[in-house]
Structure formats: C-alpha cells, structure tokens
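*Asks:* Following this message is one structure expressed as structure tokens.
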Amino acid sequence: MSNLRDEAVGLLQQLLRLNTVNPPGNETIAAHALRDYLASHGVECELYARTPERANLVARLPGGDGPSLAFMSHTDTVVADAADWSRDPWSGDLADEHVWGRGALDMKNQAAAGAVAFASLAREGFRPAGDLVFIAAADEEVGKAFGLEWLCEEHPETVRVDYAVNEGGGERVELGGSTYYLCASAEKMSAPFRLRVHGRSGHASMPGIADNALVRAAPLIEALGAYRPEPEVGPEVEAFLTTVLGETPRAEQVLARLGELDPLAVELIEPLLSLTLSPTVISASEQRNVIPATCDVTVDCRLLAGKTPEDVEPIIREVLGEGDYELEFLERSGGTRSSLETPLWRAIEDWVGATEPGAKVAPVCCAGFTDSHWLRDAFGTVAYGFFPMRTMDPELAARLIHSADERVHVDDLELGVEFLRELARSFA
Ligand SMILES: [Zn+2]
C-alpha cells in the first residue's frame, strides 16, 4: 500500500500547485494533469469543456451489466489569501505528514485519491461488474454550468451512473462513547428570497412627509431573525437518531436528547430539523439625503430536502405578517436525497465495520450544496458524500475548509485510496 500512498501524495501535490481558484476556474490545467497521470498508467480518458479553459475529465473502466459506480470530484477551489496562510496556498508542501494547499480537503484530496484508486485497479486488470467511472468536474464552487450540471445536460451518457461517491461526508466522530462515520445522503435546498419593502420617498430633512422603507423593513427583519421554526424529523435524521440513540424521540425533544449524548451531535443535527432563514444583504437609498421609497432585503433560506419554496412561502408570510412588501424567491438549488436502503450504503457500512470494528455509519444531510445533486436530479443516481477521515479532527477540518492553512493528513489520503479501491471491489 505504501507505494499507493506515495502516488496519491505526489498527484495531490501536483494538483495543489495548479491554481484553479473559481472564478475564473481554469480547471483545464488540472484536467490535463489528471489525464497525463491516468495515461501513464494506461487509462484513457475524455475531456469535455463548454469553453476550452474549463475542462471536465471522465475516465471509464468498462464493466458488464452490473451497476455502474462513479468516483466523483471537482477540481476547482475557492479563493485563498496567501497573507492569512502560514505556507503558500499553492505550494503543495508536505510537512509533518500533511499536504498543504487550497483544495487539500475540498476536494483535490478526493480527486487525487480517486484517480490513484482508479489507475491502480486498472493496471491490476480489475474488471468491474458495471462500469467504473472517474469524474473530475469543473465549476462546483460557483456553479455557472461549466461543470457537472452542463455534463448532465450535454453529455448525459458519459456521466449517467447508478451509484456515486462524492464529497460531503466521511468524518469519524465519537458520540457518547461510540464511534461513527458520517455519510451524507441528502442536501438541503438553497432557496434565497428577496423581500422588497415599499414606502414613500422624500427629503431626509423632513421625515414627516415621507414613509421610510428602510425603517419599515426593520421589524420584518427582526421577525425573520426571531423566528424559531417547528422541528421536523426527516428520514436522514430519523436514521441518525436510530443509529446513535437506538430510538427516535419526538421532534421537540431531539436536541435535548442529543445534548445529553454530546454537544457535537446537537451541532450536526440542529440545522437539519427545519428550514433556516438568515437575512444577509440589505439595500435602500443610494443617497444620504433621500428617504428611500423601497428597501430590498435578501434572505438566505435553506429548506429541508424534499421541500419547495411553494411549501414554505405561506410560513414565511405568516412570520412577516401584514405589510406593504413583495416576496420573491431568487433561485433554487439542491434539495435532493438518496435512499439509505441501497447496496452502496451497505458497502460503506461493511467497509467501516471491517476498517474499525464496532464503528457504525450514521447518515447526515449536507447543509450546503454538492454536485451529487446534479446526478440525483438527472438520473436518480444514488449518491453519497463519503471520503473517510479518521486522523484529522473533524472540527479542525471544518475550520480549514474554505479557510486558511487547508491541509490533509497523509494517513487520511491513503485511507481514502483504500476505501475507494475496496468499494469498487465489493461492488464487483
Ligand atoms: Zn467541494
């Protein structure tokens, strides 16, 4: 195994040294590095690009009629401000058993591990039961349809798979003295809306003759901030509770019961019990001496998987009460889930049980968005977020993602390669 470990470290270092901050992305340089690596192990792959500098890579190990399985990844990253880092974010340095750089956890680690697992299986002559597919997509972080969304539309045959493993889970956590690996089987829907509050403009020196829309917006914003939605237990939370508590308490008691177990369990589950409303942007008058006739408030709104803006709009209107305002949803993305009763779930359970006897898999729902959504949405793919991490503390990892000093422990990278190889084998 140690040579696969070195292989994964070398490939990850190479990927981290390529700046694929999105925007603008420039993921083609990463796709070329992966293509050259795969080609040097006899694996052919295809690049698909809506514009030349933003290529996606897909490699395929053909199988028979069995279920197809994809190792998913994205090659773009969020920005990094070198001034905040203790090492150059594009150094790919290996120091104290960690590989450093923007994307080391999100998610060039999984891209490198997926490519090494794929190439090593291919050169061993592995024959999967169904196609084994490696996808390194562009444009996950911004999502302007250069990446998986575009592939699903323009090249569906290349990415249509029955099962997929992606980012979004795999952390090893200890709760109440037992060990769990989290596996993300669903995502909340992001459905931000704009609240346009109306008033009447006027000269700011004579507020009495106007009706200030900004002032009118204030109580509405406070109402949104004070709202405490009814908790609801969906299938992922129910399965989580059954796994860690052995039963499902009533929705109102879930947080108290989890609090007795571990504060971390509360942190994990609280955002998954209801929609969340966070007012984040406000704009009113452009000029100091003009009282605004309108005030726009943008509210970040996340819905439980399976809910739609139409489901929650009446609730939001009730929270806001009467008033001269308009409410408009700006977009909707994500919000899909995969069943927990699947061969992929059982394969992950088997792997966890074999790797760490006594440990269990607990499902979670991602509060954020991943590319798993596009495959679920387009093809009904069973997609989970699972890339095992047991050496780095999950709370540290959560702080490093999208932040300074992002790095991955080499043991976790190696564990990821092992996991993906075993998964493909167990699926065959
Ligand atoms: Zn990511």
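In the structure tokens, each chain is lettered A, B, ... as it comes, each chain's residues begin at 1, and ligands are numbered from 1 in order of appearance.
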Quick one: residues within 10 Å of Val244 in chain A, only C-alpha atoms, excluding same-chain residues fewer than 6 positions away - as a PDB file with N, CA and C atoms, in the first residue's frame?
*Replies:*
```pdb
ATOM      1  N   LEU A 175     -19.443   9.895  19.659  1.00  0.00           N
ATOM      2  CA  LEU A 175     -20.622  10.445  20.322  1.00  0.00           C
ATOM      3  C   LEU A 175     -21.026   9.485  21.433  1.00  0.00           C
ATOM      4  N   GLY A 176     -21.059   9.975  22.671  1.00  0.00           N
ATOM      5  CA  GLY A 176     -21.480   9.135  23.787  1.00  0.00           C
ATOM      6  C   GLY A 176     -20.671   7.854  23.909  1.00  0.00           C
ATOM      7  N   SER A 178     -19.305   6.024  21.574  1.00  0.00           N
ATOM      8  CA  SER A 178     -19.280   5.152  20.395  1.00  0.00           C
ATOM      9  C   SER A 178     -18.720   5.911  19.201  1.00  0.00           C
ATOM     10  N   THR A 179     -18.277   5.144  18.216  1.00  0.00           N
ATOM     11  CA  THR A 179     -17.641   5.751  17.040  1.00  0.00           C
ATOM     12  C   THR A 179     -18.548   5.652  15.823  1.00  0.00           C
ATOM     13  N   TYR A 180     -18.649   6.759  15.101  1.00  0.00           N
ATOM     14  CA  TYR A 180     -19.479   6.809  13.903  1.00  0.00           C
ATOM     15  C   TYR A 180     -18.701   7.457  12.764  1.00  0.00           C
ATOM     16  N   LEU A 258     -30.040  14.667  22.241  1.00  0.00           N
ATOM     17  CA  LEU A 258     -28.696  14.640  21.652  1.00  0.00           C
ATOM     18  C   LEU A 258     -27.705  15.402  22.533  1.00  0.00           C
ATOM     19  N   LEU A 261     -26.141  13.359  24.976  1.00  0.00           N
ATOM     20  CA  LEU A 261     -25.145  12.453  24.390  1.00  0.00           C
ATOM     21  C   LEU A 261     -23.838  13.192  24.133  1.00  0.00           C
ATOM     22  N   ALA A 265     -23.283  16.327  18.596  1.00  0.00           N
ATOM     23  CA  ALA A 265     -24.468  15.753  17.953  1.00  0.00           C
ATOM     24  C   ALA A 265     -25.528  16.840  17.736  1.00  0.00           C
ATOM     25  N   LYS A 360     -19.872   2.531  13.435  1.00  0.00           N
ATOM     26  CA  LYS A 360     -21.077   2.462  12.597  1.00  0.00           C
ATOM     27  C   LYS A 360     -21.131   3.656  11.651  1.00  0.00           C
ATOM     28  N   VAL A 361     -21.967   3.524  10.626  1.00  0.00           N
ATOM     29  CA  VAL A 361     -22.191   4.637   9.698  1.00  0.00           C
ATOM     30  C   VAL A 361     -23.467   5.357  10.126  1.00  0.00           C
ATOM     31  N   ALA A 362     -23.399   6.684  10.224  1.00  0.00           N
ATOM     32  CA  ALA A 362     -24.589   7.472  10.564  1.00  0.00           C
ATOM     33  C   ALA A 362     -24.867   8.451   9.427  1.00  0.00           C
TER      34      ALA A 362
END
```
*Asks:* Determine, using only C-alpha atoms and all ligand atoms, which residues of chain A have any atom at most 7 Å from an atom of ligand 1, and tabulate each with its shortest atom pair and distance in Å to one decimal place, rows ordered by chain and then rising number, as a tab-separated table.
*Replies:*
```
residue	atom	partner	partner_atom_place_in_ligand_line	distance
A:His74	CA	ligand 1	1 (Zn)	6.6
A:Asp106	CA	ligand 1	1 (Zn)	4.5
A:Met107	CA	ligand 1	1 (Zn)	5.3
A:Glu140	CA	ligand 1	1 (Zn)	6.7
A:Glu141	CA	ligand 1	1 (Zn)	6.6
A:Glu167	CA	ligand 1	1 (Zn)	6.4
A:Thr370	CA	ligand 1	1 (Zn)	6.6
```
*Asks:* In Å to one decimal, how far is CA of Gly335 in chain A from CA of Glu187 in chain A?
*Replies:* 5.0 Å
*Asks:* List every residue of range 2-103 of chain A that has an atom at most 12 Å from any atom of range 376-390 of chain A, giving for each one its closest atom pair and the distance in Å to one decimal, counting only C-alpha atoms, sorted by chain and then by ascending residue number, as JSON lines.
*Replies:*
```
{"residue": "A:Pro67", "atom": "CA", "partner": "A:Thr381", "partner_atom": "CA", "distance": 10.7}
{"residue": "A:Ser68", "atom": "CA", "partner": "A:Thr381", "partner_atom": "CA", "distance": 9.8}
{"residue": "A:Leu69", "atom": "CA", "partner": "A:Val382", "partner_atom": "CA", "distance": 9.4}
{"residue": "A:Ala70", "atom": "CA", "partner": "A:Ala383", "partner_atom": "CA", "distance": 9.0}
{"residue": "A:Phe71", "atom": "CA", "partner": "A:Ala383", "partner_atom": "CA", "distance": 10.0}
{"residue": "A:Met72", "atom": "CA", "partner": "A:Ala383", "partner_atom": "CA", "distance": 9.4}
{"residue": "A:Ser73", "atom": "CA", "partner": "A:Gly385", "partner_atom": "CA", "distance": 10.5}
```
*Asks:* Expressed in Å to a single decimal, how great is the separation between CA of Ala354 in chain A and CA of Ala117 in chain A?
*Replies:*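 Straight-line distance from CA of Ala354 in chain A to CA of Ala117 in chain A works out to 18.7 Å.
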*Asks:* Could you pull the residues within 7 Å of Leu148 in chain A, counting only C-alpha atoms, minus those fewer than 4 positions along the same chain, as a ChimeraX atom specification?
*Replies:* /A:137,152,371,374
*Asks:* Save out the residues we just selected, N, CA and C atoms, as a PDB file, in the first residue's frame.
*Replies:*
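What landed in part29.pdb:
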```
ATOM      1  N   ALA A 137     -14.783  17.078 -12.139  1.00  0.00           N
ATOM      2  CA  ALA A 137     -15.590  18.120 -12.759  1.00  0.00           C
ATOM      3  C   ALA A 137     -15.051  19.506 -12.457  1.00  0.00           C
ATOM      4  N   CYS A 152     -24.321  16.800 -17.340  1.00  0.00           N
ATOM      5  CA  CYS A 152     -25.590  16.051 -17.261  1.00  0.00           C
ATOM      6  C   CYS A 152     -26.512  16.444 -18.420  1.00  0.00           C
ATOM      7  N   ASP A 371     -22.151  18.557  -5.937  1.00  0.00           N
ATOM      8  CA  ASP A 371     -22.505  18.078  -7.273  1.00  0.00           C
ATOM      9  C   ASP A 371     -23.348  16.801  -7.246  1.00  0.00           C
ATOM     10  N   TRP A 374     -26.736  17.065  -8.932  1.00  0.00           N
ATOM     11  CA  TRP A 374     -26.997  17.006 -10.379  1.00  0.00           C
ATOM     12  C   TRP A 374     -27.232  15.570 -10.833  1.00  0.00           C
TER      13      TRP A 374
END
```
*Asks:* Excluding range 192-202 of chain A and residues on its chain fewer than 3 positions from it, collect all residues at most 9 Å away from it, counting only C-alpha atoms, and give them as a PyMOL selection string.
*Replies:* chain A and resi 205-214+216-217+277+289-302+323-332
*Asks:* Between CA of Asn166 in chain A and CA of Ser40 in chain A, what is the distance in Å, rounded to a tenth?
*Replies:*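 Taking CA of Asn166 in chain A as the start and CA of Ser40 in chain A as the end point, the length is 24.7 Å.
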*Asks:* DSSP on the backbone: which residues in range 137-316 of chain A end up as strand (DSSP E or B)? Give the answer as a ChimeraX atom specification.
*Replies:* /A:137,163-166,171-175,178-187,189-190,193-198,200,202-203,211,276-283,290-291,294-303
*Asks:* Now that the selection is made, can you save its residues with C-alpha atoms as a short mmCIF file (atom, residue, chain, number, x, y, z; two decimals), in the first residue's frame?
*Replies:*
```
data_model
loop_
_atom_site.label_atom_id
_atom_site.label_comp_id
_atom_site.auth_asym_id
_atom_site.auth_seq_id
_atom_site.Cartn_x
_atom_site.Cartn_y
_atom_site.Cartn_z
CA ALA A 137 -15.59 18.12 -12.76
CA TYR A 163 -24.14 4.88 -7.83
CA ALA A 164 -21.66 7.59 -6.91
CA VAL A 165 -19.42 8.59 -4.02
CA ASN A 166 -18.63 12.25 -3.64
CA GLU A 171 -15.80 12.25 9.16
CA ARG A 172 -15.14 9.96 12.08
CA VAL A 173 -16.86 11.25 15.21
CA GLU A 174 -17.24 9.93 18.73
CA LEU A 175 -20.62 10.45 20.32
CA SER A 178 -19.28 5.15 20.40
CA THR A 179 -17.64 5.75 17.04
CA TYR A 180 -19.48 6.81 13.90
CA TYR A 181 -18.54 7.70 10.35
CA LEU A 182 -20.88 10.28 8.87
CA CYS A 183 -22.22 9.66 5.39
CA ALA A 184 -24.11 12.44 3.61
CA SER A 185 -27.15 11.07 1.81
CA ALA A 186 -29.11 14.28 1.21
CA GLU A 187 -28.75 18.03 0.89
CA MET A 189 -32.20 23.19 -0.82
CA SER A 190 -30.80 26.69 -1.08
CA PHE A 193 -35.56 35.19 -1.48
CA ARG A 194 -35.83 38.95 -1.77
CA LEU A 195 -38.15 40.99 0.36
CA ARG A 196 -39.00 44.31 -1.28
CA VAL A 197 -40.47 46.70 1.25
CA HIS A 198 -42.35 49.75 -0.02
CA ARG A 200 -42.61 56.80 0.01
CA GLY A 202 -38.88 62.37 0.44
CA HIS A 203 -36.23 64.80 1.59
CA ASP A 211 -42.52 56.99 4.65
CA THR A 276 -33.28 28.30 8.22
CA LEU A 277 -33.76 32.00 7.46
CA SER A 278 -30.78 34.38 7.57
CA PRO A 279 -31.20 37.95 6.32
CA THR A 280 -27.78 38.78 4.82
CA VAL A 281 -27.99 41.71 2.38
CA ILE A 282 -29.89 45.00 2.52
CA SER A 283 -30.09 47.97 0.18
CA VAL A 290 -33.06 60.92 0.18
CA ILE A 291 -35.51 58.82 2.18
CA THR A 294 -38.05 50.87 -1.44
CA CYS A 295 -35.79 48.68 0.64
CA ASP A 296 -34.58 45.27 -0.59
CA VAL A 297 -33.60 42.60 1.90
CA THR A 298 -32.03 39.38 0.65
CA VAL A 299 -32.61 36.38 2.88
CA ASP A 300 -30.54 33.21 2.70
CA CYS A 301 -33.11 30.46 3.06
CA ARG A 302 -32.35 26.71 3.30
CA LEU A 303 -35.11 24.15 3.07
#
```
*Asks:* Compile the contact shell of Pro128 in chain A as JSON, numbers by chain: residues with an atom at most 8 Å away, counting only C-alpha atoms, same-chain residues fewer than 6 positions apart removed.
*Replies:* {"A": [61, 62, 63, 64, 424, 425, 427, 428]}
*Asks:* Under the rule that only C-alpha atoms are counted, which of A:Glu44, A:Glu260, A:Asp412, A:Asp405 is the nearest residue to Gly170 in chain A?
*Replies:*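 The answer is A:Asp412, which sits nearest to Gly170 in chain A.
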*Asks:* Of the residues A:Ala82, A:Ile269, A:Ile29, A:Leu4, which is the one nearest to Gly234 in chain A, using only C-alpha atoms?
*Replies:*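 Checking each candidate against Gly234 in chain A, we get A:Ile269 as the closest.
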*Asks:* If we count only C-alpha atoms and set the cut-off at 7 Å, which residues sit around range 306-322 of chain A, ignoring sequence neighbours fewer than 4 positions away in its own chain? Please answer as a PyMOL selection string.
*Replies:* chain A and resi 191+220+223-224+335-336
*Asks:* Restricting it to C-alpha atoms, dump the selection as a PDB file, in the first residue's frame.
*Replies:*
```
ATOM      1  CA  ALA A 191     -33.743  28.977  -1.893  1.00  0.00           C
ATOM      2  CA  LEU A 220     -39.723  42.476   9.261  1.00  0.00           C
ATOM      3  CA  ALA A 223     -39.331  38.919  12.816  1.00  0.00           C
ATOM      4  CA  LEU A 224     -37.225  36.757  10.473  1.00  0.00           C
ATOM      5  CA  GLY A 335     -32.511  19.671  -2.022  1.00  0.00           C
ATOM      6  CA  THR A 336     -32.250  16.100  -3.284  1.00  0.00           C
TER       7      THR A 336
END
```
*Asks:* Identify, on the basis of only C-alpha atoms, every residue whose closest approach to Ser120 in chain A does not exceed 12 Å; exclude the query and any residue fewer than 6 positions from it along the same chain; express the result as a ChimeraX atom specification.
*Replies:* /A:1,3-5,7-8,37-43,61,113-114,126,417-418,420-422,424
*Asks:* Give me a file of those residues, with C-alpha atoms, as a PDB file, in the first residue's frame.
*Replies:*
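Writing done, so here's part02.pdb:
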```pdb
ATOM      1  CA  MET A   1       0.000   0.000   0.000  1.00  0.00           C
ATOM      2  CA  ASN A   3       3.515   2.971  -2.956  1.00  0.00           C
ATOM      3  CA  LEU A   4      -0.133   3.966  -3.498  1.00  0.00           C
ATOM      4  CA  ARG A   5       0.246   6.336  -0.568  1.00  0.00           C
ATOM      5  CA  GLU A   7       1.484   8.008  -5.551  1.00  0.00           C
ATOM      6  CA  ALA A   8      -1.527   9.805  -4.053  1.00  0.00           C
ATOM      7  CA  TYR A  37      -1.273  10.700 -14.752  1.00  0.00           C
ATOM      8  CA  LEU A  38      -4.019   8.306 -15.896  1.00  0.00           C
ATOM      9  CA  ALA A  39      -2.424   7.898 -19.340  1.00  0.00           C
ATOM     10  CA  SER A  40       0.906   6.949 -17.740  1.00  0.00           C
ATOM     11  CA  HIS A  41      -0.968   4.016 -16.183  1.00  0.00           C
ATOM     12  CA  GLY A  42      -2.632   3.013 -19.417  1.00  0.00           C
ATOM     13  CA  VAL A  43      -6.001   4.638 -18.683  1.00  0.00           C
ATOM     14  CA  LEU A  61     -13.296   1.184 -16.853  1.00  0.00           C
ATOM     15  CA  ALA A 113      -7.312   9.507  -4.271  1.00  0.00           C
ATOM     16  CA  GLY A 114      -9.997   8.683  -6.835  1.00  0.00           C
ATOM     17  CA  PHE A 126      -9.606  -5.259 -12.366  1.00  0.00           C
ATOM     18  CA  VAL A 417      -7.495   5.435  -1.665  1.00  0.00           C
ATOM     19  CA  GLU A 418      -8.026   2.173   0.254  1.00  0.00           C
ATOM     20  CA  LEU A 420     -12.359   3.645  -2.967  1.00  0.00           C
ATOM     21  CA  ARG A 421     -10.454   0.544  -4.086  1.00  0.00           C
ATOM     22  CA  GLU A 422     -12.345  -1.664  -1.630  1.00  0.00           C
ATOM     23  CA  ALA A 424     -15.116  -0.850  -6.292  1.00  0.00           C
TER      24      ALA A 424
END
```
*Asks:* Let's see if you can do this: from backbone DSSP, list all alpha helix (DSSP H) residues in range 116-164 of chain A, as an MDAnalysis selection string.
*Replies:* chainID A and resid 116:123 148:154 156:159
*Asks:* Could you save those same residues with C-alpha atoms as a compact mmCIF listing (two decimals), in the first residue's frame?
*Replies:*
```
# COMPACT_ATOMS: atom_id res chain seq x y z
CA VAL A 116 -4.97 6.67 -7.89
CA ALA A 117 -7.60 4.12 -6.84
CA PHE A 118 -8.91 4.05 -10.43
CA ALA A 119 -5.46 3.78 -12.07
CA SER A 120 -4.25 1.11 -9.65
CA LEU A 121 -7.34 -1.03 -10.21
CA ALA A 122 -6.97 -0.61 -13.97
CA ARG A 123 -3.32 -1.69 -14.06
CA LEU A 148 -21.45 18.61 -13.74
CA GLU A 149 -24.70 20.44 -14.41
CA TRP A 150 -23.52 21.02 -18.00
CA LEU A 151 -22.21 17.45 -18.36
CA CYS A 152 -25.59 16.05 -17.26
CA GLU A 153 -27.29 18.16 -19.93
CA GLU A 154 -24.86 17.96 -22.83
CA PRO A 156 -25.53 12.58 -20.20
CA GLU A 157 -24.25 9.22 -21.42
CA THR A 158 -20.77 9.90 -20.05
CA VAL A 159 -21.90 10.65 -16.51
```
